[in-house]
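Asks: Structure in structure tokens, see below.
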Amino acid sequence: AATQSMQAKLRREYDDLIPSLLERFPNRFSKEAFTYENWIWAFTMLFSRAIRLRNLGNGEALAMVPYADLINHSPFSGAYVDARQKGSWLFKEGTEEVILYADRSYRKMEQVYISYGPKSNGDLLLLYGFALERNPYNSVDVTVSIAPRTAAFVERYKAKVAAGEAEFIDFLDVDPLADEKLEFVENSGRDTTVDFPCYADRYPTEMLQYLRLMQMTSEDTRGKSLSEFDYTRTISAANEAAVLNSVIEAVKMQLRKYPSTEEQDAQLIKDKGMFKLFSYNQRMAVRHRRNEKRLLKRTVAALEKQIRSRGLLDEDILQRAGGNTGGEVLKGEGKFYGTKQRSALEERLEKMGLPVDLR
């Protein structure tokens, strides 16, 4: 999806910019040179090879640096490429140069790596065409979407159910805290649909804080304002049970979005004769897809273990885990309440500015 979104964006950028330039300045911009294929090639070079120089005299800039763009990536490297003024520390020549700052001593003929940044395998695969087996920054974005059960929302949803456009949910009642939750989330710069990265060994505390707020009940608040609570800590056993079960359901929904299972991917990779028929990019995509599923399954296992170890399977606790959705993600809520049409990776690319958006 992210690849298709990027291709569509580049097509829009080309259509918005190049045809008018060709028409207005035919002597400067020839149709033979400024084709869509060359446009794609140029952006591919820029994405995969441009280096950000932060210490230029005129300020930060992207640059194409010959030879420096051949240095491979390692997430464990502290070496980096940047600009500096030429000359000694006392006498500067007034010109600048690009230099590789090494993170340690290197032996003769030993390969030097730099880090392209703390990027997930999804980022690396889309931007540079490769993924890593050992990547401490690898993560999968999980979308957590909680519908605010305001009176207006419940009324609209029930109308959808009556029209056969949504599934019936027996616990869909008005949340008396819904409007206060929406105001709190809006003031915090968040939305009711949020992406959080899940890593192989952890999931973000920000996700738990967000869900603790969204799963608050009147029994939890006991008359207090939502702003009086510390969401970095457990609110109540019932609230925590609802939170952890919401994360599990969100991760399982993420797993169901894949067109194949982890077992099917593993079988495909195991069939070496068939796997060799795939292109390099296809093989990388299948391996990456399988590793994402493994990471998500480990997240579910860790959450379920946490629920058991903290005694949150108690029937009384689960019955009181009402919160916003009773510890469940609303079925059909995506179509009705606007589940995001783009992934978090696509949104990160959208926010990159140059070189994504020339204007």
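The chains in the structure tokens are called A, B, ... from first to last as shown; in each chain the residues are counted from 1, and the ligands are counted from 1 in the order shown.
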Would you give me, as a ChimeraX atom specification, the residues in segment 57-298 of chain A that DSSP reads as helix (DSSP H, G or I)?
Replies: /A:68-70,121-128,151-162,178-187,205-214,218-221,226-228,237-256,262-270,272-276,280-298
Asks: Would you mind listing what lies within 9 Å of segment 45-60 of chain A as a list in words, with only C-alpha atoms counted and same-chain residues fewer than 6 positions away left out?
Replies: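 Final neighbour list, sorted by chain and number: Ala68, Asp69, Leu70, Val81, Asp82, Ala83, Arg84, Gln85, Glu96, Val98, Leu127, Tyr128, Gly129, Pro355 and Val356 of chain A.
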Asks: Can you pull out the residues contacting Phe153 of chain A? Cut-off 12 Å, using only C-alpha atoms, and skip same-chain residues under 3 positions away; I want them as an mmCIF file with C-alpha atoms, in the first residue's frame.
Replies:
```cif
data_model
loop_
_atom_site.group_PDB
_atom_site.id
_atom_site.type_symbol
_atom_site.label_atom_id
_atom_site.label_comp_id
_atom_site.auth_asym_id
_atom_site.auth_seq_id
_atom_site.Cartn_x
_atom_site.Cartn_y
_atom_site.Cartn_z
ATOM 1 C CA ALA A 147 -14.954 5.166 18.492
ATOM 2 C CA PRO A 148 -16.134 7.947 20.833
ATOM 3 C CA ARG A 149 -19.551 6.763 21.976
ATOM 4 C CA THR A 150 -21.192 10.159 22.024
ATOM 5 C CA ARG A 156 -25.859 7.312 13.730
ATOM 6 C CA TYR A 157 -24.492 3.822 14.297
ATOM 7 C CA LYS A 158 -27.905 2.419 15.236
ATOM 8 C CA ALA A 159 -29.305 3.990 12.063
ATOM 9 C CA LYS A 160 -26.606 2.148 10.099
ATOM 10 C CA LEU A 172 -23.203 0.033 22.232
ATOM 11 C CA ASP A 173 -24.538 2.563 24.732
ATOM 12 C CA VAL A 174 -23.704 6.233 25.172
ATOM 13 C CA ASP A 175 -20.471 6.803 27.096
ATOM 14 C CA ALA A 178 -17.242 10.542 25.550
ATOM 15 C CA ASP A 179 -17.315 14.301 25.017
ATOM 16 C CA GLU A 333 -16.318 0.692 12.977
ATOM 17 C CA PHE A 336 -18.467 3.828 9.670
ATOM 18 C CA TYR A 337 -16.104 6.021 11.613
#
```
Asks: Tell me, which residues of segment 115-284 of chain A carry DSSP strand (DSSP E or B), written as number ranges by chain?
Replies: A: 139-145, 193-199
Asks: Would you please work out which residue, of A:His288, A:Lys181, A:Lys86, A:His73, is nearest to Pro118 of chain A when using only C-alpha atoms?
Replies: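 Using only C-alpha atoms, Pro118 of chain A sits closest to A:His73.
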